[in-house]
Amino acid sequence: MNTDEAFTNRQTQWEATAAALAEHLAHITAPGFDVEDLEAPRNNVIHFHGVGGIGKTTLSRKLEAALAGGEQRPAQWDAPSFRRQILPVRIDLARTAGTDFEQVVLTIRLALARLGRPLPAFDLALRRYWEHTHPGEPLEEYLRRGGLASKFGQALPQQMQSAMSDVAQALLLPGTVGAVIGQVTGSLVRALRERRQTVRALAGCARLADLLEAEPDLEALSFYPHLLAWELAQLPSDKGAIPVVLLDTFEDVGDRVHRDFERLLQRVVWLMPNTFFVITGRSRLQWAEETLQGQLDWTGPDAWPGLVSSAVPSSRTPAAGRQVLVGDFAPEDCDDYLARRLSRDRQPLIGADIRAVITARSHGLPLHLDLAVMRFLEIRRTRVPQPADLDVAFPALISRTVRDLTPDERHVLRAVSLLDSFDVVLATRAAGMAHEAAALRLIERPFIREHPFGVWPYYLHGLICSTLRTTDDQADDRWSTRDWEQTAARAFEALGEQWRNGPARDRLLLIGCLRQGLRLARDFRLDLGWLADAAWSYVGDSVWEPLAPPTGPGSSEGTLETAADALVEVLSALARRQHEHRERTVARLAAVTATGLLPAELHEMAVYYRAKAERDLGRSDASRSGMQLVADGGGRLAPAASRGLAHLARLAGDFPTALHVARTLGWAGRQHRIEGDVWWVQGDMQRAATAYEVARAEAEQHGVAGERATSQAQRAWSLAFTDPDVAADELDLAQQLLGGLDLRATTFTTQIAALVRDAGSSGPDVDDRARVLRAEAEVSGIATALVLVELALGFHHAVRDDRERVETVLARLRELTRGGDYAYYTDIVSFMAGLPLPAEAPSPAQWIGGAQTTRRCWRDLVIARRDHLHTPR
């Protein structure tokens with residue numbers, strides 16, 4: 001059964017929605033309803049939850065269409081018969097959609113623009129927020145670029161301008177002032193405080209003045225929906241409508257630890273009691289639990305009576321109240337079900353450890369939960385059940401799954417159980433079949449789930465997949481070990497073909513093929529084949545998505561026995577180094593190189609990145625040895641290794657050699673970025689910034705996202721010393737380019753550059769931020785970040801002419817650079833502060849323009865910053 005066909009049994013969900021909406025309409029039209037009452041309980045939400053792929057998104061879309069009165073309403077659903085006009089608006093909260101809170105608020109307001117009436121209280125607040133948060137960016141352009149204008153039209157900007165003009169006229173402001181939001185809101189607030197008759201239309205909104213006076217930031221924006229609710233309540237019944245906001249993919253709002261986005265969204269729901277919300281997500285909403293107090297604004301059963309789960313839900317019927325289960329259980333619901341299914345003295349009979357095992361094994365399938373409960377009771381008759389007793393598969397699940405399949409469909413089913421996800425072509429190739437008919441029939445089965453945004457749209461229900469691979473089903477056509485091996489080899493080659501023949505630089509396809517290919521090669525001891533070239537493509541972009549596949553049947557976690565084991569470990573270590581101490585990275589790569597399992601070029605990959613991690617740890621001799629070995633080998637990473645040798649020369653203070661080597665590197669060795677690294681140390685920030693700009697342009701031309709972000713971060717770093725205003729824009733661009741990337745060292749660069757940008761400012765902020773960055777750099781093991789933090793602090797204290805703190809910075813730098821690398825940083829800080837160099841410890845630095853020229857450049861930067869801070873702006 002595919003996602004669309006799943007709606008043949010969604011009548012219950014439609015009836016639940018219609019009944020809840022009818023109850024909502026009765027509540028908000030009853031005497032005594034007060035839209036400004038922030039204390040009354042809320043029952044304006046219904047939540048559908050269930051495992052991924054069960055059809056929640058399609059349900060959300062169908063509900064939107066049905067509420068809009070369109071032709072897409074399923075035939076078995078009764079036509080809605082509400083007395084008031086319903087205005088549905090659906091918002092996809094999936095990470096892939098890139099929806100943030102600002103877009104949520106704008107989308108709701110844009111939908112209400114269909115009413116054709118300004119909503120002045122909200123529109124004035126929104127206009128003030130927009131001009132403060134997006135200076136110089138017209139709302140019309142933002143809506144057009146984000147696709148909201150094509151969906152809703154451009155009525156909102158005109159309605160906002162109309163609201164401003166009306167208020168300006170009511171306040172007797174000159175016509176030219178109507179576009180100056182600061183003057184309009186200021187005059188309006190005064191008029192509201194003085195209770196002038198000219199603004200009596202807005203005076204009824206008790207909190208308008210307070211919200212207009214609040215700092216127009218994201219926190220304030222989250223309270224503006226209260227103004228929207230108030231405006232809707234003022235509309236005549238024949239001119240207004242009842243909004244129904246459908247929030248889909250709610251699980252992507254965050255997890256059950258990080259609730260910042262969820263808190264903002266819950267605030268919208270609470271502040272708009274005359275709007276109905278239909279939420280779809282994987283897990284049950286926890287708003288009615290008192291344990292969340294402090295994480296969300298309103299929690300507990302008194303606040304959300306409809307979200308209280310008071311009964312064990314069935315796999316086929318909705319939960320009590322406004323929590324409606326769709327399909328399989330989420331892990332939290334599995335645990336809740338098992339805890340409630342068997343109890344004694346109101347305590348769960350099945351312990352938490354056993355419940356965890358059953359939940360993990362079940363993949364949310366209610367049938368597995370029932371079978372596990374029966375097994376638990378059977379074992380309990382003779383002894384106390386242990387977790388291992390329930391860590392089993394049930395062959396009956398497979399029997400039920402395959403009994404009505406044709407032989408060809410069973411063949412394809414076993415083949416796709418080797419894959420995390422697949423399409424019809426991949427399934428057919430893996431099964432070794434000449435025709436796609438069996439695969440096409442199989443994807444219509446209910447245990448095949450669909451993820452329309454994935455590289456491959458289909459995946460097998462987790463429990464069915466694991467059971468097929470680990471359980472002897474005793475069927476007449478069961479597979480032998482050789483059958484599984486041949487199928488794995490076919491699937492592996494099919495993945496390689498899809499990667500080679502796919503769109504150039506398709507990162508999602510590359511990662512998908514690598515994850516599945518590495519797992520197959522590791523679990524079935526296959527030759528690397530196309531994985532070698534794919535690994536080079538993965539490394540070349542410097543993006544570092546998590547890559548290590550889970551341990552499969554027959555493989556031993558932590559052991560390196562084959563080339564595939566070794567390649568998995570190398571790529572995993574490279575990705576994890578963004579989150580682990582560099583010491584751990586060195587240890588992992590050293591273990592791989594010691595095995596000798598990898599072919600020569602891939603062995604050099606491990607050697608190079610080990611040498612790079614050694615450099616981050618300050619072990620220059622070990623790093624130089626590895627870099628030289630790779631450079632002499634002349635392989636794919638030889639230019640990068642030469643670049644590493646140039647870096648090491650720079651770290652030692654041999655700038656002429658570093659610059660000479662940089663000029664021989666070309667694009668492959670990142671010539672211009674290395675040149676920039678040399679020039680900024682000399683205090684020549686403009687020359688460095690120009691080199692980094694060329695490096696960024698080259699990276700854009702070659703489509704290497706990681707290098708582009710790194711070059712831009714370095715450009716922002718250099719310009720942070722010369723012009724804080726320009727640096728702010730450059731840092732914003734660096735942050736944008738870092739979006740979706742996992743580059744820890746580069747992220748440190750941007751954060752330290754922000755310290756330099758703010759150097760000289762009063763207050764403890766710079767020192768406090770530096771203290772946090774220092775601690776994070778120590779945890780990561782990145783020595784470069786540690787010395788850069790001190791350099792930034794040295795600049796800050798030199799600008800403030802705080803000699804005592806400059807000496808403290810110098811002392812820390814001497815301690816950090818005892819090994820010789822970065823020793824010239826103490827010279828730079830001395831140059832900044834106008835201090836002489838100690839005669840007893842001559843600097844090893846070989847400055848390109850001479851020590852005096854370099855001293856003057858750094859001192860000029862300090863003096864220029866002082867002038868900047870004392871120049872009125």
# chains A, B, ... in the order shown; residues from 1 in each chain; ligands from 1
>>> residues_around(residues="His581 in chain A", least_positions_apart="3", cutoff="9 Å", atoms="only C-alpha atoms", output="ChimeraX atom specification")
/A:577-578,584-585,778-782
>>> residues_around(residues="Arg322 in chain A", least_positions_apart="5", cutoff="10 Å", atoms="only C-alpha atoms", output="list in words")
Ala16, Thr17, Ala20, Asn43, Asn44, Val45, Ile46, His47, Phe48, Val278, Leu285, Trp304, Pro305, Gly306, Leu307, Val308 and Ser309 of chain A
>>> write_last_selection(atoms="N, CA, C and O atoms", output="tab-separated table (two decimals), in the first residue's frame")
chain	number	residue	atom	x	y	z
A	16	ALA	N	-12.56	12.88	13.33
A	16	ALA	CA	-12.02	13.48	14.55
A	16	ALA	C	-11.72	14.96	14.33
A	16	ALA	O	-11.99	15.80	15.20
A	17	THR	N	-11.18	15.28	13.16
A	17	THR	CA	-10.87	16.69	12.85
A	17	THR	C	-12.14	17.52	12.76
A	17	THR	O	-12.23	18.62	13.33
A	20	ALA	N	-13.67	18.02	16.22
A	20	ALA	CA	-12.89	18.95	17.05
A	20	ALA	C	-13.07	20.38	16.56
A	20	ALA	O	-13.18	21.32	17.36
A	43	ASN	N	-8.05	24.40	23.93
A	43	ASN	CA	-8.45	23.15	23.30
A	43	ASN	C	-8.59	23.36	21.79
A	43	ASN	O	-9.44	22.77	21.14
A	44	ASN	N	-7.72	24.24	21.26
A	44	ASN	CA	-7.79	24.62	19.85
A	44	ASN	C	-6.77	23.89	19.00
A	44	ASN	O	-6.26	24.42	18.01
A	45	VAL	N	-6.46	22.64	19.39
A	45	VAL	CA	-5.45	21.88	18.65
A	45	VAL	C	-5.84	20.41	18.62
A	45	VAL	O	-6.39	19.87	19.59
A	46	ILE	N	-5.57	19.78	17.49
A	46	ILE	CA	-5.66	18.32	17.39
A	46	ILE	C	-4.35	17.84	16.79
A	46	ILE	O	-3.77	18.51	15.92
A	47	HIS	N	-3.85	16.73	17.30
A	47	HIS	CA	-2.52	16.26	16.90
A	47	HIS	C	-2.59	14.82	16.39
A	47	HIS	O	-3.08	13.94	17.09
A	48	PHE	N	-2.10	14.60	15.17
A	48	PHE	CA	-1.99	13.26	14.60
A	48	PHE	C	-0.52	12.85	14.65
A	48	PHE	O	0.34	13.56	14.12
A	278	VAL	N	-4.02	22.06	13.43
A	278	VAL	CA	-3.92	20.62	13.17
A	278	VAL	C	-2.43	20.32	13.03
A	278	VAL	O	-1.78	20.75	12.07
A	285	LEU	N	2.48	14.76	21.38
A	285	LEU	CA	2.75	16.07	21.98
A	285	LEU	C	2.76	15.95	23.49
A	285	LEU	O	1.87	15.33	24.08
A	304	TRP	N	-3.84	22.18	28.73
A	304	TRP	CA	-4.17	21.50	27.47
A	304	TRP	C	-4.99	20.25	27.77
A	304	TRP	O	-4.50	19.13	27.61
A	305	PRO	N	-6.21	20.37	28.19
A	305	PRO	CA	-6.99	19.19	28.59
A	305	PRO	C	-7.18	18.19	27.46
A	305	PRO	O	-7.26	16.98	27.72
A	306	GLY	N	-7.24	18.66	26.22
A	306	GLY	CA	-7.46	17.72	25.12
A	306	GLY	C	-6.26	16.90	24.76
A	306	GLY	O	-6.38	15.90	24.04
A	307	LEU	N	-5.07	17.27	25.24
A	307	LEU	CA	-3.84	16.55	24.89
A	307	LEU	C	-3.43	15.54	25.94
A	307	LEU	O	-2.37	14.93	25.83
A	308	VAL	N	-4.27	15.37	26.96
A	308	VAL	CA	-3.96	14.39	28.00
A	308	VAL	C	-4.22	13.00	27.46
A	308	VAL	O	-5.29	12.71	26.93
A	309	SER	N	-3.23	12.10	27.60
A	309	SER	CA	-3.40	10.72	27.16
A	309	SER	C	-3.82	9.89	28.37
A	309	SER	O	-3.03	9.59	29.25
>>> residues_around(residues="Thr275 in chain A", least_positions_apart="4", cutoff="8 Å", atoms="only C-alpha atoms", output="PyMOL selection string")
chain A and resi 44+229+242-245+269
>>> select_by_dssp(residues="range 594-819 of chain A", states="alpha helix (DSSP H)", output="PyMOL selection string")
chain A and resi 594-595+600-616+620-633+638-651+655-662+671-681+685-702+705-720+724-738+744-757+765-780+783-799+803-816
>>> residues_around(residues="range 434-440 of chain A", least_positions_apart="3", cutoff="10 Å", atoms="only C-alpha atoms", output="PyMOL selection string")
chain A and resi 405-413+416+423-429+431+443-445
>>> write_last_selection(atoms="C-alpha atoms", output="short mmCIF file (atom, residue, chain, number, x, y, z; two decimals), in the first residue's frame")
data_model
loop_
_atom_site.label_atom_id
_atom_site.label_comp_id
_atom_site.auth_asym_id
_atom_site.auth_seq_id
_atom_site.Cartn_x
_atom_site.Cartn_y
_atom_site.Cartn_z
CA LEU A 405 3.31 -12.49 -2.20
CA THR A 406 4.19 -14.06 -5.51
CA PRO A 407 7.57 -15.85 -5.74
CA ASP A 408 9.02 -12.91 -7.69
CA GLU A 409 7.77 -10.42 -5.11
CA ARG A 410 9.31 -12.51 -2.31
CA HIS A 411 12.58 -12.52 -4.23
CA VAL A 412 12.60 -8.73 -4.54
CA LEU A 413 11.56 -8.35 -0.90
CA VAL A 416 15.68 -4.90 -0.74
CA ASP A 423 13.83 2.77 -5.99
CA VAL A 424 12.27 0.40 -8.50
CA VAL A 425 15.41 0.27 -10.66
CA LEU A 426 17.72 -0.47 -7.73
CA ALA A 427 15.38 -3.13 -6.35
CA THR A 428 15.14 -4.84 -9.73
CA ARG A 429 18.92 -4.77 -10.28
CA ALA A 431 17.19 -8.93 -7.29
CA ILE A 443 6.14 -1.06 -3.48
CA GLU A 444 2.34 -1.07 -3.22
CA ARG A 445 2.47 -3.36 -0.18
#
>>> residues_around(residues="Val726 in chain A", least_positions_apart="4", cutoff="12 Å", atoms="only C-alpha atoms", output="JSON, numbers by chain")
{"A": [689, 715, 716, 717, 718, 719, 720, 721, 722, 730, 731, 732, 733, 754, 757]}
>>> closest_residue(among="A:Thr749, A:Ser542, A:Gln13, A:Thr817", to="Leu788 in chain A", atoms="only C-alpha atoms")
A:Thr749
>>> residues_around(residues="Ser537 in chain A", least_positions_apart="5", cutoff="10 Å", atoms="only C-alpha atoms", output="PyMOL selection string")
chain A and resi 505+507+510-511+531-532+542
>>> write_last_selection(atoms="N, CA, C and O atoms", output="mmCIF file, in the first residue's frame")
data_model
loop_
_atom_site.group_PDB
_atom_site.id
_atom_site.type_symbol
_atom_site.label_atom_id
_atom_site.label_comp_id
_atom_site.auth_asym_id
_atom_site.auth_seq_id
_atom_site.Cartn_x
_atom_site.Cartn_y
_atom_site.Cartn_z
ATOM 1 N N ARG A 505 28.207 16.027 -9.209
ATOM 2 C CA ARG A 505 28.259 16.726 -7.926
ATOM 3 C C ARG A 505 26.946 16.661 -7.162
ATOM 4 O O ARG A 505 26.564 17.596 -6.457
ATOM 5 N N ARG A 507 25.507 15.682 -4.200
ATOM 6 C CA ARG A 507 26.051 15.297 -2.894
ATOM 7 C C ARG A 507 25.163 14.282 -2.181
ATOM 8 O O ARG A 507 25.657 13.340 -1.564
ATOM 9 N N LEU A 510 25.748 10.903 -3.676
ATOM 10 C CA LEU A 510 27.055 10.387 -3.267
ATOM 11 C C LEU A 510 26.995 9.815 -1.855
ATOM 12 O O LEU A 510 27.459 8.685 -1.609
ATOM 13 N N ILE A 511 26.432 10.572 -0.925
ATOM 14 C CA ILE A 511 26.384 10.104 0.466
ATOM 15 C C ILE A 511 25.514 8.859 0.582
ATOM 16 O O ILE A 511 25.850 7.905 1.289
ATOM 17 N N LEU A 531 33.861 2.244 -4.677
ATOM 18 C CA LEU A 531 33.905 2.977 -3.408
ATOM 19 C C LEU A 531 35.141 3.861 -3.292
ATOM 20 O O LEU A 531 35.097 4.914 -2.645
ATOM 21 N N ALA A 532 36.255 3.449 -3.920
ATOM 22 C CA ALA A 532 37.476 4.250 -3.821
ATOM 23 C C ALA A 532 37.265 5.632 -4.444
ATOM 24 O O ALA A 532 37.553 6.665 -3.827
ATOM 25 N N SER A 542 34.973 18.577 1.340
ATOM 26 C CA SER A 542 35.192 19.037 2.725
ATOM 27 C C SER A 542 33.894 19.413 3.422
ATOM 28 O O SER A 542 33.805 20.436 4.099
#
>>> decode(residues="range 386-463 of chain A", atoms="C-alpha atoms", output="CSV table (one decimal), in the first residue's frame")
chain,number,residue,atom,x,y,z
A,386,GLN,CA,15.5,-11.2,31.1
A,387,PRO,CA,16.1,-8.5,28.4
A,388,ALA,CA,17.9,-11.1,26.2
A,389,ASP,CA,14.8,-13.2,26.2
A,390,LEU,CA,12.9,-10.5,24.3
A,391,ASP,CA,15.7,-9.5,22.0
A,392,VAL,CA,14.4,-11.9,19.4
A,393,ALA,CA,12.6,-11.9,16.0
A,394,PHE,CA,9.3,-13.6,15.4
A,395,PRO,CA,9.2,-15.8,12.3
A,396,ALA,CA,5.5,-15.4,12.3
A,397,LEU,CA,6.0,-11.8,11.2
A,398,ILE,CA,7.7,-13.0,8.1
A,399,SER,CA,5.1,-15.7,7.4
A,400,ARG,CA,2.4,-13.1,7.6
A,401,THR,CA,4.4,-10.7,5.4
A,402,VAL,CA,5.2,-13.1,2.5
A,403,ARG,CA,2.3,-15.5,2.5
A,404,ASP,CA,0.3,-13.6,-0.1
A,405,LEU,CA,3.3,-12.5,-2.2
A,406,THR,CA,4.2,-14.1,-5.5
A,407,PRO,CA,7.6,-15.8,-5.7
A,408,ASP,CA,9.0,-12.9,-7.7
A,409,GLU,CA,7.8,-10.4,-5.1
A,410,ARG,CA,9.3,-12.5,-2.3
A,411,HIS,CA,12.6,-12.5,-4.2
A,412,VAL,CA,12.6,-8.7,-4.5
A,413,LEU,CA,11.6,-8.4,-0.9
A,414,ARG,CA,14.6,-10.3,0.3
A,415,ALA,CA,16.8,-8.3,-2.0
A,416,VAL,CA,15.7,-4.9,-0.7
A,417,SER,CA,16.1,-6.0,2.9
A,418,LEU,CA,19.8,-5.5,2.2
A,419,LEU,CA,19.2,-1.8,1.4
A,420,ASP,CA,18.4,1.1,3.6
A,421,SER,CA,16.3,2.6,0.8
A,422,PHE,CA,15.7,1.9,-2.8
A,423,ASP,CA,13.8,2.8,-6.0
A,424,VAL,CA,12.3,0.4,-8.5
A,425,VAL,CA,15.4,0.3,-10.7
A,426,LEU,CA,17.7,-0.5,-7.7
A,427,ALA,CA,15.4,-3.1,-6.3
A,428,THR,CA,15.1,-4.8,-9.7
A,429,ARG,CA,18.9,-4.8,-10.3
A,430,ALA,CA,19.6,-6.1,-6.8
A,431,ALA,CA,17.2,-8.9,-7.3
A,432,GLY,CA,18.8,-9.8,-10.6
A,433,MET,CA,15.5,-9.6,-12.5
A,434,ALA,CA,15.0,-8.6,-16.1
A,435,HIS,CA,11.7,-6.9,-15.5
A,436,GLU,CA,10.4,-4.3,-13.0
A,437,ALA,CA,6.9,-5.7,-12.6
A,438,ALA,CA,7.6,-7.5,-9.3
A,439,ALA,CA,9.3,-4.4,-7.8
A,440,LEU,CA,6.4,-2.2,-8.9
A,441,ARG,CA,3.9,-4.6,-7.3
A,442,LEU,CA,6.0,-4.8,-4.1
A,443,ILE,CA,6.1,-1.1,-3.5
A,444,GLU,CA,2.3,-1.1,-3.2
A,445,ARG,CA,2.5,-3.4,-0.2
A,446,PRO,CA,1.8,-1.8,3.2
A,447,PHE,CA,5.2,-2.7,4.7
A,448,ILE,CA,7.0,-0.6,2.0
A,449,ARG,CA,7.2,2.9,3.3
A,450,GLU,CA,7.8,6.1,1.2
A,451,HIS,CA,10.1,9.1,1.8
A,452,PRO,CA,9.5,11.4,-1.1
A,453,PHE,CA,12.4,13.6,-0.3
A,454,GLY,CA,15.0,10.9,0.0
A,455,VAL,CA,17.6,9.9,-2.7
A,456,TRP,CA,15.6,6.7,-3.1
A,457,PRO,CA,11.9,7.0,-2.2
A,458,TYR,CA,11.2,3.6,-0.7
A,459,TYR,CA,12.3,1.7,2.3
A,460,LEU,CA,11.2,-1.5,4.0
A,461,HIS,CA,9.5,-1.4,7.4
A,462,GLY,CA,12.4,-1.7,9.9
A,463,LEU,CA,11.1,-4.7,11.7
